[in-house]
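The file my_file14.pdb comes next; it holds PDB, C-alpha atoms and all ligand atoms.
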ATOM      1  CA  MET B   1     169.333   9.949  16.913  1.00  0.00           C
ATOM      2  CA  ALA B   2     170.064   8.035  20.107  1.00  0.00           C
ATOM      3  CA  VAL B   3     168.316   5.908  22.709  1.00  0.00           C
ATOM      4  CA  LEU B   4     169.158   7.458  26.089  1.00  0.00           C
ATOM      5  CA  ASN B   5     169.593   5.681  29.431  1.00  0.00           C
ATOM      6  CA  ILE B   6     166.478   5.953  31.636  1.00  0.00           C
ATOM      7  CA  LEU B   7     167.214   6.425  35.355  1.00  0.00           C
ATOM      8  CA  SER B   8     165.569   3.850  37.621  1.00  0.00           C
ATOM      9  CA  TYR B   9     163.892   4.342  41.011  1.00  0.00           C
ATOM     10  CA  PRO B  10     165.288   4.993  43.624  1.00  0.00           C
ATOM     11  CA  ASP B  11     168.134   6.825  41.825  1.00  0.00           C
ATOM     12  CA  PRO B  12     168.554  10.149  43.718  1.00  0.00           C
ATOM     13  CA  ARG B  13     169.050  12.029  40.421  1.00  0.00           C
ATOM     14  CA  LEU B  14     165.303  11.547  39.821  1.00  0.00           C
ATOM     15  CA  ARG B  15     164.773  13.997  42.726  1.00  0.00           C
ATOM     16  CA  THR B  16     166.476  16.913  40.921  1.00  0.00           C
ATOM     17  CA  ILE B  17     164.249  19.935  40.206  1.00  0.00           C
ATOM     18  CA  ALA B  18     164.306  20.770  36.474  1.00  0.00           C
ATOM     19  CA  ALA B  19     165.337  24.250  35.284  1.00  0.00           C
ATOM     20  CA  PRO B  20     163.414  26.204  32.602  1.00  0.00           C
ATOM     21  CA  VAL B  21     164.610  25.868  28.994  1.00  0.00           C
ATOM     22  CA  LYS B  22     166.090  29.261  28.058  1.00  0.00           C
ATOM     23  CA  GLN B  23     166.080  28.859  24.282  1.00  0.00           C
ATOM     24  CA  VAL B  24     164.679  26.259  21.897  1.00  0.00           C
ATOM     25  CA  ASP B  25     168.022  25.837  20.109  1.00  0.00           C
ATOM     26  CA  ASP B  26     169.648  22.945  18.208  1.00  0.00           C
ATOM     27  CA  ASN B  27     170.817  21.258  21.442  1.00  0.00           C
ATOM     28  CA  ILE B  28     167.245  21.185  22.777  1.00  0.00           C
ATOM     29  CA  LYS B  29     165.947  19.942  19.406  1.00  0.00           C
ATOM     30  CA  THR B  30     168.478  17.062  19.487  1.00  0.00           C
ATOM     31  CA  LEU B  31     167.429  16.224  23.061  1.00  0.00           C
ATOM     32  CA  ILE B  32     163.747  16.237  21.969  1.00  0.00           C
ATOM     33  CA  THR B  33     164.484  13.843  19.062  1.00  0.00           C
ATOM     34  CA  ASP B  34     166.482  11.529  21.341  1.00  0.00           C
ATOM     35  CA  MET B  35     163.793  11.585  24.048  1.00  0.00           C
ATOM     36  CA  ILE B  36     161.083  10.673  21.529  1.00  0.00           C
ATOM     37  CA  GLU B  37     163.219   7.787  20.242  1.00  0.00           C
ATOM     38  CA  THR B  38     163.896   6.684  23.840  1.00  0.00           C
ATOM     39  CA  MET B  39     160.165   6.802  24.704  1.00  0.00           C
ATOM     40  CA  TYR B  40     159.259   4.660  21.656  1.00  0.00           C
ATOM     41  CA  ASP B  41     162.128   2.216  22.328  1.00  0.00           C
ATOM     42  CA  ALA B  42     160.892   1.745  25.933  1.00  0.00           C
ATOM     43  CA  GLU B  43     157.263   1.459  24.759  1.00  0.00           C
ATOM     44  CA  GLY B  44     156.147   4.342  26.949  1.00  0.00           C
ATOM     45  CA  ILE B  45     153.512   6.981  26.344  1.00  0.00           C
ATOM     46  CA  GLY B  46     155.496   9.797  27.943  1.00  0.00           C
ATOM     47  CA  LEU B  47     158.970  10.788  29.117  1.00  0.00           C
ATOM     48  CA  ALA B  48     160.293  13.707  31.152  1.00  0.00           C
ATOM     49  CA  ALA B  49     163.845  15.013  30.602  1.00  0.00           C
ATOM     50  CA  SER B  50     164.599  14.309  34.307  1.00  0.00           C
ATOM     51  CA  GLN B  51     164.271  10.570  33.566  1.00  0.00           C
ATOM     52  CA  VAL B  52     167.211  10.740  31.134  1.00  0.00           C
ATOM     53  CA  ASP B  53     169.299  12.824  33.582  1.00  0.00           C
ATOM     54  CA  GLU B  54     168.680  16.128  31.742  1.00  0.00           C
ATOM     55  CA  HIS B  55     167.243  18.456  34.345  1.00  0.00           C
ATOM     56  CA  LEU B  56     165.312  20.769  32.049  1.00  0.00           C
ATOM     57  CA  GLN B  57     161.568  21.471  31.869  1.00  0.00           C
ATOM     58  CA  LEU B  58     160.896  19.286  28.836  1.00  0.00           C
ATOM     59  CA  ILE B  59     158.328  16.517  28.313  1.00  0.00           C
ATOM     60  CA  VAL B  60     157.544  14.301  25.313  1.00  0.00           C
ATOM     61  CA  MET B  61     154.415  12.233  24.948  1.00  0.00           C
ATOM     62  CA  ASP B  62     152.595  10.142  22.349  1.00  0.00           C
ATOM     63  CA  LEU B  63     149.122   8.829  23.142  1.00  0.00           C
ATOM     64  CA  SER B  64     148.296   7.787  19.571  1.00  0.00           C
ATOM     65  CA  GLU B  65     147.612   4.147  18.697  1.00  0.00           C
ATOM     66  CA  ASN B  66     150.141   4.075  15.872  1.00  0.00           C
ATOM     67  CA  LYS B  67     152.823   5.909  17.837  1.00  0.00           C
ATOM     68  CA  ASP B  68     153.116   8.504  15.109  1.00  0.00           C
ATOM     69  CA  THR B  69     151.925  11.668  16.881  1.00  0.00           C
ATOM     70  CA  PRO B  70     154.604  12.846  19.305  1.00  0.00           C
ATOM     71  CA  MET B  71     153.813  15.898  21.455  1.00  0.00           C
ATOM     72  CA  VAL B  72     156.429  18.169  23.005  1.00  0.00           C
ATOM     73  CA  PHE B  73     155.897  20.409  26.033  1.00  0.00           C
ATOM     74  CA  ILE B  74     158.646  22.888  26.942  1.00  0.00           C
ATOM     75  CA  ASN B  75     158.469  24.884  30.224  1.00  0.00           C
ATOM     76  CA  PRO B  76     154.985  23.480  30.911  1.00  0.00           C
ATOM     77  CA  LYS B  77     152.584  24.929  33.455  1.00  0.00           C
ATOM     78  CA  VAL B  78     149.651  22.701  34.440  1.00  0.00           C
ATOM     79  CA  THR B  79     146.621  24.061  36.284  1.00  0.00           C
ATOM     80  CA  PRO B  80     143.813  21.832  37.613  1.00  0.00           C
ATOM     81  CA  LEU B  81     140.390  22.846  36.266  1.00  0.00           C
ATOM     82  CA  VAL B  82     138.400  20.651  38.666  1.00  0.00           C
ATOM     83  CA  GLU B  83     138.710  19.996  42.405  1.00  0.00           C
ATOM     84  CA  GLU B  84     137.589  16.386  42.321  1.00  0.00           C
ATOM     85  CA  LYS B  85     140.290  13.748  41.873  1.00  0.00           C
ATOM     86  CA  GLN B  86     139.898  10.452  40.028  1.00  0.00           C
ATOM     87  CA  PRO B  87     141.982   7.269  40.346  1.00  0.00           C
ATOM     88  CA  TYR B  88     143.946   6.027  37.329  1.00  0.00           C
ATOM     89  CA  GLU B  89     146.316   3.059  37.060  1.00  0.00           C
ATOM     90  CA  GLU B  90     149.774   4.523  36.381  1.00  0.00           C
ATOM     91  CA  GLY B  91     153.078   3.044  35.310  1.00  0.00           C
ATOM     92  CA  CYS B  92     156.516   4.626  34.964  1.00  0.00           C
ATOM     93  CA  LEU B  93     159.515   3.842  32.783  1.00  0.00           C
ATOM     94  CA  SER B  94     161.711   4.654  35.817  1.00  0.00           C
ATOM     95  CA  VAL B  95     159.801   2.125  37.967  1.00  0.00           C
ATOM     96  CA  PRO B  96     159.552  -0.811  35.534  1.00  0.00           C
ATOM     97  CA  GLU B  97     156.756  -3.358  35.971  1.00  0.00           C
ATOM     98  CA  VAL B  98     155.138  -1.528  38.891  1.00  0.00           C
ATOM     99  CA  TYR B  99     151.593  -0.268  38.364  1.00  0.00           C
ATOM    100  CA  ASP B 100     149.213   1.295  40.859  1.00  0.00           C
ATOM    101  CA  LYS B 101     146.331   3.720  41.149  1.00  0.00           C
ATOM    102  CA  VAL B 102     147.007   7.421  41.752  1.00  0.00           C
ATOM    103  CA  GLU B 103     144.288  10.044  42.246  1.00  0.00           C
ATOM    104  CA  ARG B 104     144.603  13.269  40.270  1.00  0.00           C
ATOM    105  CA  PRO B 105     142.278  15.977  38.888  1.00  0.00           C
ATOM    106  CA  ASN B 106     140.834  14.691  35.601  1.00  0.00           C
ATOM    107  CA  LYS B 107     140.767  18.044  33.812  1.00  0.00           C
ATOM    108  CA  VAL B 108     143.694  20.465  33.548  1.00  0.00           C
ATOM    109  CA  ARG B 109     144.914  23.428  31.514  1.00  0.00           C
ATOM    110  CA  ILE B 110     148.328  22.997  29.866  1.00  0.00           C
ATOM    111  CA  GLU B 111     150.389  26.063  28.954  1.00  0.00           C
ATOM    112  CA  ALA B 112     153.771  25.380  27.346  1.00  0.00           C
ATOM    113  CA  LEU B 113     155.923  25.904  24.273  1.00  0.00           C
ATOM    114  CA  ASP B 114     156.159  23.329  21.492  1.00  0.00           C
ATOM    115  CA  GLU B 115     159.302  22.165  19.663  1.00  0.00           C
ATOM    116  CA  ASN B 116     159.222  25.293  17.463  1.00  0.00           C
ATOM    117  CA  GLY B 117     158.946  27.633  20.434  1.00  0.00           C
ATOM    118  CA  ASP B 118     155.261  28.325  19.674  1.00  0.00           C
ATOM    119  CA  ALA B 119     152.775  28.684  22.538  1.00  0.00           C
ATOM    120  CA  ILE B 120     150.495  25.784  23.530  1.00  0.00           C
ATOM    121  CA  ASP B 121     147.384  26.567  25.590  1.00  0.00           C
ATOM    122  CA  GLN B 122     144.981  23.650  25.789  1.00  0.00           C
ATOM    123  CA  GLU B 123     142.551  21.894  28.095  1.00  0.00           C
ATOM    124  CA  ALA B 124     143.218  18.210  28.725  1.00  0.00           C
ATOM    125  CA  GLU B 125     141.083  15.384  30.098  1.00  0.00           C
ATOM    126  CA  GLY B 126     141.497  11.635  30.608  1.00  0.00           C
ATOM    127  CA  LEU B 127     144.859  10.016  29.834  1.00  0.00           C
ATOM    128  CA  LEU B 128     146.437  13.260  28.572  1.00  0.00           C
ATOM    129  CA  ALA B 129     145.553  14.984  31.869  1.00  0.00           C
ATOM    130  CA  VAL B 130     146.918  12.031  33.885  1.00  0.00           C
ATOM    131  CA  CYS B 131     150.094  11.711  31.840  1.00  0.00           C
ATOM    132  CA  ILE B 132     151.005  15.429  31.835  1.00  0.00           C
ATOM    133  CA  GLN B 133     150.581  15.563  35.641  1.00  0.00           C
ATOM    134  CA  HIS B 134     152.740  12.411  36.026  1.00  0.00           C
ATOM    135  CA  GLU B 135     155.448  13.986  33.817  1.00  0.00           C
ATOM    136  CA  MET B 136     155.194  17.372  35.610  1.00  0.00           C
ATOM    137  CA  ASP B 137     155.843  15.481  38.844  1.00  0.00           C
ATOM    138  CA  HIS B 138     159.090  14.127  37.334  1.00  0.00           C
ATOM    139  CA  LEU B 139     160.217  17.695  36.569  1.00  0.00           C
ATOM    140  CA  ASN B 140     159.615  18.491  40.252  1.00  0.00           C
ATOM    141  CA  GLY B 141     161.477  15.393  41.492  1.00  0.00           C
ATOM    142  CA  VAL B 142     158.303  13.479  42.376  1.00  0.00           C
ATOM    143  CA  ILE B 143     157.726   9.833  41.369  1.00  0.00           C
ATOM    144  CA  PHE B 144     154.265   8.236  41.275  1.00  0.00           C
ATOM    145  CA  VAL B 145     155.187   5.700  43.979  1.00  0.00           C
ATOM    146  CA  ASP B 146     155.598   8.656  46.408  1.00  0.00           C
ATOM    147  CA  TYR B 147     151.762   8.671  46.550  1.00  0.00           C
ATOM    148  CA  LEU B 148     151.700   5.025  47.702  1.00  0.00           C
ATOM    149  CA  SER B 149     152.127   3.504  51.176  1.00  0.00           C
ATOM    150  CA  ASN B 150     155.612   2.823  52.610  1.00  0.00           C
ATOM    151  CA  LEU B 151     154.956  -0.890  52.166  1.00  0.00           C
ATOM    152  CA  LYS B 152     154.197  -0.420  48.456  1.00  0.00           C
ATOM    153  CA  GLN B 153     157.253   1.847  48.030  1.00  0.00           C
ATOM    154  CA  ASN B 154     159.496  -0.849  49.547  1.00  0.00           C
ATOM    155  CA  ARG B 155     157.918  -3.478  47.298  1.00  0.00           C
ATOM    156  CA  ALA B 156     158.482  -1.200  44.292  1.00  0.00           C
ATOM    157  CA  ARG B 157     162.192  -0.853  45.212  1.00  0.00           C
ATOM    158  CA  ASP B 158     162.550  -4.649  45.409  1.00  0.00           C
ATOM    159  CA  LYS B 159     160.651  -5.163  42.153  1.00  0.00           C
ATOM    160  CA  VAL B 160     162.818  -2.660  40.251  1.00  0.00           C
ATOM    161  CA  LYS B 161     166.008  -4.338  41.574  1.00  0.00           C
ATOM    162  CA  LYS B 162     164.721  -7.716  40.329  1.00  0.00           C
ATOM    163  CA  VAL B 163     163.669  -6.389  36.921  1.00  0.00           C
ATOM    164  CA  LEU B 164     167.028  -4.643  36.397  1.00  0.00           C
ATOM    165  CA  LYS B 165     168.925  -7.837  37.334  1.00  0.00           C
ATOM    166  CA  ILE B 166     166.898  -9.879  34.829  1.00  0.00           C
ATOM    167  CA  ARG B 167     167.431  -7.234  32.121  1.00  0.00           C
ATOM    168  CA  GLU B 168     171.199  -7.263  32.810  1.00  0.00           C
ATOM    169  CA  LYS B 169     171.335 -11.079  32.592  1.00  0.00           C
ATOM    170  CA  ASN B 170     169.427 -11.005  29.302  1.00  0.00           C
ATOM    171  CA  LEU B 171     171.865  -8.449  27.908  1.00  0.00           C
ATOM    172  CA  GLU B 172     174.813 -10.649  28.974  1.00  0.00           C
ATOM    173  CA  LYS B 173     173.191 -13.663  27.272  1.00  0.00           C
ATOM    174  CA  GLN B 174     172.677 -11.679  24.082  1.00  0.00           C
ATOM    175  CA  ALA B 175     176.336 -10.623  24.114  1.00  0.00           C
ATOM    176  CA  GLN B 176     177.611 -14.233  24.419  1.00  0.00           C
ATOM    177  CA  PRO B 177     178.585 -16.001  21.185  1.00  0.00           C
ATOM    178  CA  SER B 178     175.999 -18.553  20.077  1.00  0.00           C
ATOM    179  CA  ASN B 179     176.696 -22.293  20.727  1.00  0.00           C
ATOM    180  CA  VAL B 180     175.062 -23.294  17.443  1.00  0.00           C
TER     181      VAL B 180
HETATM  182  O1  LIG Q 201     156.828   8.955  32.792  1.00  0.00           O
HETATM  183  C1  LIG Q 201     156.927   7.801  32.405  1.00  0.00           C
HETATM  184  O2  LIG Q 201     157.671   7.037  32.981  1.00  0.00           O
HETATM  185  C2  LIG Q 201     156.102   7.327  31.248  1.00  0.00           C
HETATM  186  C3  LIG Q 201     154.836   6.629  31.682  1.00  0.00           C
HETATM  187  C4  LIG Q 201     153.676   7.568  31.474  1.00  0.00           C
HETATM  188  C5  LIG Q 201     152.387   7.232  32.177  1.00  0.00           C
HETATM  189  C6  LIG Q 201     151.708   6.048  31.929  1.00  0.00           C
HETATM  190  C7  LIG Q 201     150.522   5.777  32.555  1.00  0.00           C
HETATM  191  C8  LIG Q 201     149.984   6.691  33.431  1.00  0.00           C
HETATM  192  C9  LIG Q 201     150.672   7.838  33.703  1.00  0.00           C
HETATM  193  C10 LIG Q 201     151.862   8.122  33.056  1.00  0.00           C
HETATM  194  C11 LIG Q 201     154.680   5.387  30.822  1.00  0.00           C
HETATM  195  O3  LIG Q 201     154.655   5.448  29.648  1.00  0.00           O
HETATM  196  S1  LIG Q 201     154.546   3.882  31.649  1.00  0.00           S
HETATM  197  C12 LIG Q 201     154.360   2.658  30.385  1.00  0.00           C
HETATM  198  C13 LIG Q 201     153.046   2.678  29.695  1.00  0.00           C
HETATM  199  O4  LIG Q 201     153.023   2.800  28.498  1.00  0.00           O
HETATM  200  C14 LIG Q 201     151.762   2.579  30.428  1.00  0.00           C
HETATM  201  C15 LIG Q 201     151.677   2.046  31.693  1.00  0.00           C
HETATM  202  C16 LIG Q 201     150.444   1.967  32.353  1.00  0.00           C
HETATM  203  C17 LIG Q 201     149.305   2.407  31.722  1.00  0.00           C
HETATM  204  C18 LIG Q 201     149.386   2.937  30.436  1.00  0.00           C
HETATM  205  C19 LIG Q 201     150.607   2.990  29.788  1.00  0.00           C
HETATM  206 ZN    ZN Q 202     157.231   8.244  35.108  1.00  0.00          ZN
END

How would this structure read if it were set down as structure tokens?
Amino acid sequence: MAVLNILSYPDPRLRTIAAPVKQVDDNIKTLITDMIETMYDAEGIGLAASQVDEHLQLIVMDLSENKDTPMVFINPKVTPLVEEKQPYEEGCLSVPEVYDKVERPNKVRIEALDENGDAIDQEAEGLLAVCIQHEMDHLNGVIFVDYLSNLKQNRARDKVKKVLKIREKNLEKQAQPSNV
């Protein structure tokens, strides 16, 4: 198992369109395991393969309180079941510490394959509906800040730069030998 590197906005690789998974083989199963570990390590509720620079139609998610119920969606197709859109405060592991409201349909149908290659066909509402649409956007090279104003997108860029700098400094500190 491995924790993978998550690409950060505005990395152009996040704009790559993901290709369908041809076969749910051992390589895909390893990627699924690593993506789930990466999602838990980053304390996220979802992760698209695009975010770890693997441009395949693969999403992992865990909306459970105890973080013990991972879901896997391979080659997902998401269809809105309502016309009306509702706002929901979103975050993104590729845009750390930036949160804002995005409007999306609150009820969708999800068709996909699971980690065993078995068909999934379910209706989703609430956070599951929001999260699967956010992750589908990643597979299509779309990031949630694309829905925000230019001003907010520029602020998001600056914020991510700052957060990454602080994270780097903290890593350097951790690597230094202790003075004690
Ligand atoms: O795709 C990602 O980067 C994962 C993202 C999923 C997501 C969260 C909230 C709304 C839509 C999609 C995250 O996990 S962000 C971190 C997080 O756990 C979170 C952030 C805001 C609200 C709820 C959860
Ligand atoms: Zn995201």

Padding of 5 Å on every side, edges along x, y and z, all listed atoms of segment 37-41 of chain B included: what centre and edge lengths in Å, to one decimal, does that box have, as AutoDock Vina command-line options?
--center_x 161.6 --center_y 5.0 --center_z 22.5 --size_x 14.6 --size_y 15.6 --size_z 14.5

*Leaving out Gln122 of chain B and any residue of its chain fewer than 2 positions from it, which residues lie within 7 Å of it when counting only C-alpha atoms, given as a PyMOL selection string?*
chain B and resi 109-111+120+124

What are the closest atom pairs, with distances in Å to one decimal, for all residues of chain B lying within 9 Å of ligand ZN 202 (chain Q)? Consider all atoms listed in the file, order rows by chain and residue number, and present the result as CSV.
residue,atom,partner,partner_atom,distance
B:Gly46,CA,Q:ZN202,ZN,7.5
B:Leu47,CA,Q:ZN202,ZN,6.7
B:Ala48,CA,Q:ZN202,ZN,7.4
B:Gln51,CA,Q:ZN202,ZN,7.6
B:Glu90,CA,Q:ZN202,ZN,8.4
B:Gly91,CA,Q:ZN202,ZN,6.7
B:Cys92,CA,Q:ZN202,ZN,3.7
B:Leu93,CA,Q:ZN202,ZN,5.5
B:Ser94,CA,Q:ZN202,ZN,5.8
B:Val95,CA,Q:ZN202,ZN,7.2
B:Cys131,CA,Q:ZN202,ZN,8.6
B:His134,CA,Q:ZN202,ZN,6.2
B:Glu135,CA,Q:ZN202,ZN,6.1
B:Asp137,CA,Q:ZN202,ZN,8.3
B:His138,CA,Q:ZN202,ZN,6.6
B:Ile143,CA,Q:ZN202,ZN,6.5
B:Phe144,CA,Q:ZN202,ZN,6.8

*Non-local contacts of Tyr88 of chain B (12 Å; only C-alpha atoms; under 4 positions in same chain excluded) as a VMD selection string*: chain B and resid 99 to 106 126 to 131 133 to 134 144

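Each of B:Leu164, B:Asp114, B:Ala2, B:Val145 was checked against Val21 of chain B using all atoms listed in the file; the smallest atom-to-atom distance is that of B:Asp114.
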
*May I ask which of the residues B:Glu89, B:Val24, B:Val60, B:Ser8 is the closest one to ligand LIG 201 (chain Q), counting only C-alpha atoms and all ligand atoms?*
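Between B:Glu89, B:Val24, B:Val60, B:Ser8, the residue approaching ligand LIG 201 (chain Q) most closely is B:Glu89.
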
*Point-to-point distance from atom CA of Thr38 of chain B to atom CA of Leu4 of chain B, Å rounded to tenths*: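 Between atom CA of Thr38 of chain B and atom CA of Leu4 of chain B the gap is 5.8 Å.
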